[in-house]
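Participant: My structure is stored as target.cif, with mmCIF, C-alpha atoms and all ligand atoms.
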```cif
data_query
#
loop_
_atom_site.label_atom_id
_atom_site.label_comp_id
_atom_site.auth_asym_id
_atom_site.auth_seq_id
_atom_site.Cartn_x
_atom_site.Cartn_y
_atom_site.Cartn_z
CA MET A 1 -9.05 -88.91 -73.08
CA ALA A 2 -7.25 -89.14 -69.78
CA ASP A 3 -3.78 -87.74 -69.07
CA GLY A 4 -3.42 -86.74 -72.72
CA ARG A 5 -3.32 -90.40 -73.74
CA PRO A 6 -5.78 -91.96 -76.17
CA TRP A 7 -8.08 -93.70 -73.74
CA PRO A 8 -11.49 -94.42 -75.18
CA SER A 9 -14.67 -93.49 -73.33
CA VAL A 10 -16.76 -96.67 -73.22
CA LYS A 11 -20.15 -97.14 -71.58
CA ILE A 12 -19.88 -100.24 -69.40
CA GLY A 13 -23.10 -100.21 -67.40
CA ASN A 14 -25.53 -98.22 -65.30
CA LEU A 15 -25.49 -97.59 -61.56
CA GLN A 16 -29.05 -98.81 -61.20
CA GLN A 17 -28.14 -102.21 -62.67
CA LEU A 18 -25.34 -102.89 -60.18
CA ALA A 19 -25.78 -105.01 -57.07
CA VAL A 20 -23.30 -105.14 -54.20
CA GLU A 21 -20.71 -107.91 -54.61
CA LYS A 22 -21.97 -108.86 -58.09
CA PRO A 23 -19.13 -108.30 -60.58
CA VAL A 24 -19.76 -107.20 -64.13
CA SER A 25 -17.33 -108.26 -66.87
CA PHE A 26 -16.43 -106.06 -69.80
CA GLN A 27 -13.46 -105.29 -72.07
CA TYR A 28 -11.27 -102.24 -71.73
CA PRO A 29 -9.40 -100.42 -73.21
CA ASP A 30 -9.81 -102.74 -76.22
CA ARG A 31 -11.62 -105.95 -77.06
CA THR A 32 -8.64 -108.12 -76.12
CA SER A 33 -8.54 -106.83 -72.53
CA PRO A 34 -10.90 -108.43 -70.01
CA ALA A 35 -11.89 -106.27 -67.07
CA MET A 36 -14.26 -106.36 -64.15
CA MET A 37 -16.44 -103.75 -62.42
CA ILE A 38 -17.70 -104.27 -58.89
CA LYS A 39 -19.91 -102.35 -56.47
CA LEU A 40 -18.26 -103.01 -53.12
CA GLY A 41 -20.88 -101.55 -50.79
CA ALA A 42 -18.28 -99.42 -48.98
CA PRO A 43 -16.12 -96.49 -50.14
CA ALA A 44 -13.01 -97.40 -52.13
CA TYR A 45 -9.96 -95.52 -53.37
CA GLU A 46 -10.94 -93.95 -56.72
CA GLY A 47 -14.46 -95.28 -56.21
CA ALA A 48 -17.18 -93.86 -58.46
CA GLY A 49 -20.85 -93.16 -57.80
CA PRO A 50 -22.58 -91.44 -54.89
CA ASP A 51 -21.20 -93.96 -52.39
CA ARG A 52 -17.71 -94.02 -53.99
CA ASP A 53 -17.95 -97.80 -53.97
CA VAL A 54 -17.87 -98.71 -57.67
CA VAL A 55 -14.44 -99.71 -59.00
CA ALA A 56 -13.09 -101.48 -62.07
CA PHE A 57 -9.85 -103.25 -62.87
CA SER A 58 -8.11 -105.30 -65.51
CA SER A 59 -8.99 -108.90 -64.72
CA ILE A 60 -5.64 -110.26 -65.88
CA CYS A 61 -3.31 -111.17 -63.02
CA THR A 62 -0.17 -109.07 -62.91
CA HIS A 63 1.98 -112.07 -62.01
CA MET A 64 1.74 -114.26 -65.12
CA GLY A 65 -1.47 -113.27 -66.82
CA CYS A 66 -4.07 -115.69 -65.50
CA PRO A 67 -7.71 -114.57 -65.36
CA ILE A 68 -8.74 -113.46 -61.90
CA THR A 69 -12.08 -113.84 -60.17
CA TYR A 70 -13.87 -111.83 -57.48
CA LYS A 71 -14.92 -113.38 -54.20
CA ASP A 72 -15.64 -112.10 -50.71
CA GLY A 73 -14.27 -108.60 -51.19
CA ARG A 74 -11.10 -109.47 -53.06
CA PHE A 75 -9.76 -110.45 -56.43
CA LEU A 76 -8.23 -113.91 -56.51
CA CYS A 77 -5.88 -115.53 -59.01
CA PRO A 78 -6.32 -119.31 -59.18
CA CYS A 79 -2.88 -119.92 -60.71
CA HIS A 80 -0.62 -119.01 -57.79
CA TYR A 81 -3.14 -117.62 -55.31
CA SER A 82 -2.39 -113.93 -55.49
CA MET A 83 -5.01 -111.69 -53.90
CA PHE A 84 -5.71 -108.05 -54.69
CA ASP A 85 -7.69 -105.47 -52.71
CA PRO A 86 -10.29 -103.71 -54.89
CA ALA A 87 -10.90 -101.05 -52.23
CA ARG A 88 -7.21 -100.02 -52.20
CA ASN A 89 -6.37 -99.51 -55.87
CA GLY A 90 -5.91 -103.25 -56.52
CA VAL A 91 -2.87 -103.64 -54.28
CA PRO A 92 -1.56 -107.22 -54.12
CA TYR A 93 -1.40 -108.50 -50.56
CA GLN A 94 -0.96 -112.23 -50.89
CA GLY A 95 0.77 -114.58 -53.33
CA LEU A 96 3.32 -114.05 -56.07
CA ALA A 97 2.02 -110.90 -57.80
CA SER A 98 3.97 -107.78 -56.91
CA ASP A 99 2.22 -105.22 -59.11
CA TYR A 100 -1.18 -103.60 -58.53
CA LEU A 101 -4.02 -104.60 -60.81
CA PRO A 102 -4.42 -101.82 -63.36
CA GLN A 103 -7.36 -99.71 -62.20
CA ILE A 104 -9.83 -98.28 -64.68
CA THR A 105 -11.00 -94.71 -64.28
CA LEU A 106 -14.78 -94.52 -64.08
CA ARG A 107 -17.17 -91.62 -64.68
CA VAL A 108 -20.85 -91.68 -63.81
CA ASP A 109 -23.17 -89.49 -65.84
CA ALA A 110 -25.13 -87.40 -63.34
CA GLY A 111 -28.31 -87.50 -65.41
CA THR A 112 -28.51 -91.05 -66.75
CA HIS A 113 -26.34 -92.84 -64.16
CA ASP A 114 -24.54 -94.55 -67.02
CA ILE A 115 -21.01 -95.61 -66.12
CA TYR A 116 -18.14 -94.93 -68.49
CA ALA A 117 -14.60 -96.33 -68.48
CA GLU A 118 -12.26 -93.50 -69.45
CA GLY A 119 -8.70 -94.38 -68.57
CA MET A 120 -6.41 -96.79 -66.87
CA SER A 121 -3.49 -96.69 -64.44
CA GLY A 122 -0.82 -99.33 -64.68
CA LEU A 123 0.26 -101.78 -67.35
CA ILE A 124 -1.94 -104.70 -68.31
CA TRP A 125 0.09 -107.89 -67.96
CA GLY A 126 2.06 -108.70 -71.10
CA ARG A 127 1.85 -105.19 -72.53
CA THR A 128 4.75 -102.86 -73.16
CA GLN A 129 2.63 -99.70 -73.33
CA ASP A 130 -0.37 -98.51 -71.35
CA VAL A 131 -2.46 -97.62 -74.37
CA PRO A 132 -5.18 -99.52 -76.24
CA VAL A 133 -4.11 -102.07 -78.82
CA PRO A 134 -5.62 -101.25 -82.20
CA THR A 135 -7.50 -104.16 -83.78
CA ALA A 136 -9.52 -104.52 -86.94
CA ALA A 137 -12.63 -105.02 -84.80
CA GLY A 138 -11.92 -101.90 -82.74
FE1 LIG B 201 -1.72 -114.97 -60.88
FE2 LIG B 201 0.58 -116.29 -60.79
S1 LIG B 201 -0.59 -115.79 -62.56
S2 LIG B 201 -0.55 -115.50 -59.16
#
```
Take the structure from the file and write it as structure tokens.
Facilitator:
Amino acid sequence: MADGRPWPSVKIGNLQQLAVEKPVSFQYPDRTSPAMMIKLGAPAYEGAGPDRDVVAFSSICTHMGCPITYKDGRFLCPCHYSMFDPARNGVPYQGLASDYLPQITLRVDAGTHDIYAEGMSGLIWGRTQDVPVPTAAG
């Protein structure tokens, strides 16, 4: 748990399986929440791993909830062309979004190099609370 809140610890990959600029999709903090992990190849704010270059974010745009994509070092929203900087905590710097993309806290196991998602900063678009949504499927 992070910050005393009920964040799950979820294995989302392994350092040795990541390639620079190749995003990996997963769900966090629950199965209704798409997210993306990316190895940037250069240090990032809150970056995980030995090079501090692995980051993860909600992949739902903070403007009106469209799915974002990753291209050329930035997250892009195709709906109204917002852009977010993954190296700077997901700050929006272009387009209509005014809120940061929620960043996911990552932990890398020193022995196995497995990567775990263990928390989140910021509200996922459309949510009223920054906690996982319970579902029957978990
Ligand atoms: Fe992403 Fe509008 S929904 S910019």
Participant: CA of Gly73 in chain A to CA of Val10 in chain A: how many Å, to one decimal?
Facilitator: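 One can read the CA of Gly73 in chain A to CA of Val10 in chain A distance as 25.2 Å.
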Participant: Which residues are near range 47-59 of chain A? Cut-off 7 Å, only C-alpha atoms, ignore same chain within fewer than 6 positions. Put them as number ranges by chain.
Facilitator: A: 34-41, 67-68, 101-104, 106-108, 124
Participant: By how many Å are atom FE2 of ligand LIG 201 (chain B) and CA of Ile12 in chain A apart?
Facilitator: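 That distance, rounded to one decimal, is 27.4 Å.
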Participant: Any residue with an atom at most 10 Å from ligand LIG 201 (chain B) counts, using all atoms listed in the file. Which are they? Put them as a list in words.
Facilitator: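 I would give the residues around ligand LIG 201 (chain B) as Ile60, Cys61, Thr62, His63, Met64, Gly65, Cys66, Pro67, Ile68, Leu76, Cys77, Pro78, Cys79, His80, Tyr81, Ser82, Met83, Pro92, Gln94, Gly95, Leu96, Ala97, Ser98 and Trp125 of chain A.
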Participant: Counting only C-alpha atoms, which residue out of A:Pro29, A:Tyr70, A:Ala44, A:Ala87 sits closest to Leu123 in chain A?
Facilitator: A:Pro29
Participant: In Å, rounded to a single decimal, give me how far CA of Arg88 in chain A is from CA of Lys71 in chain A.
Facilitator: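 CA of Arg88 in chain A lies at a distance of 15.6 Å from CA of Lys71 in chain A.
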Participant: Write out as lines of an AutoDock Vina configuration file an axis-aligned box for range 37-50 of chain A: all of its atoms listed in the file, 4 Å added on each side, centre and edge lengths in Å with one decimal.
Facilitator:
```
center_x = -16.3
center_y = -97.9
center_z = -55.7
size_x = 20.6
size_y = 20.8
size_z = 21.4
```
Participant: Please write as a VMD selection string the list of polymer residues whose atoms come within 12 Å of (-3.2, -99.8, -77.6), counting all atoms listed in the file and keeping to the coordinates of the file.
Facilitator: chain A and resid 5 to 8 28 to 33 119 to 120 123 to 124 127 to 135 138
Participant: Would you mind telling me which residue in A:Tyr116, A:Tyr45, A:Ala110, A:Gln16 lies nearest to Asp85 in chain A when using all atoms listed in the file?
Facilitator: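 Closest to Asp85 in chain A, using all atoms listed in the file: A:Tyr45.
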Participant: Give the answer as one residue: which of A:Val91, A:Ile115, A:Glu46, A:Gly122 has the shortest atom-to-atom distance to Gly13 in chain A, using only C-alpha atoms?
Facilitator: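 Nearest to Gly13 in chain A: A:Ile115.
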Participant: So, counting all atoms listed in the file, which residue among A:Gly126, A:Asp109, A:Lys11, A:Glu21 is closest to Pro86 in chain A?
Facilitator: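 Ranked by minimum distance to Pro86 in chain A, first place goes to A:Glu21.
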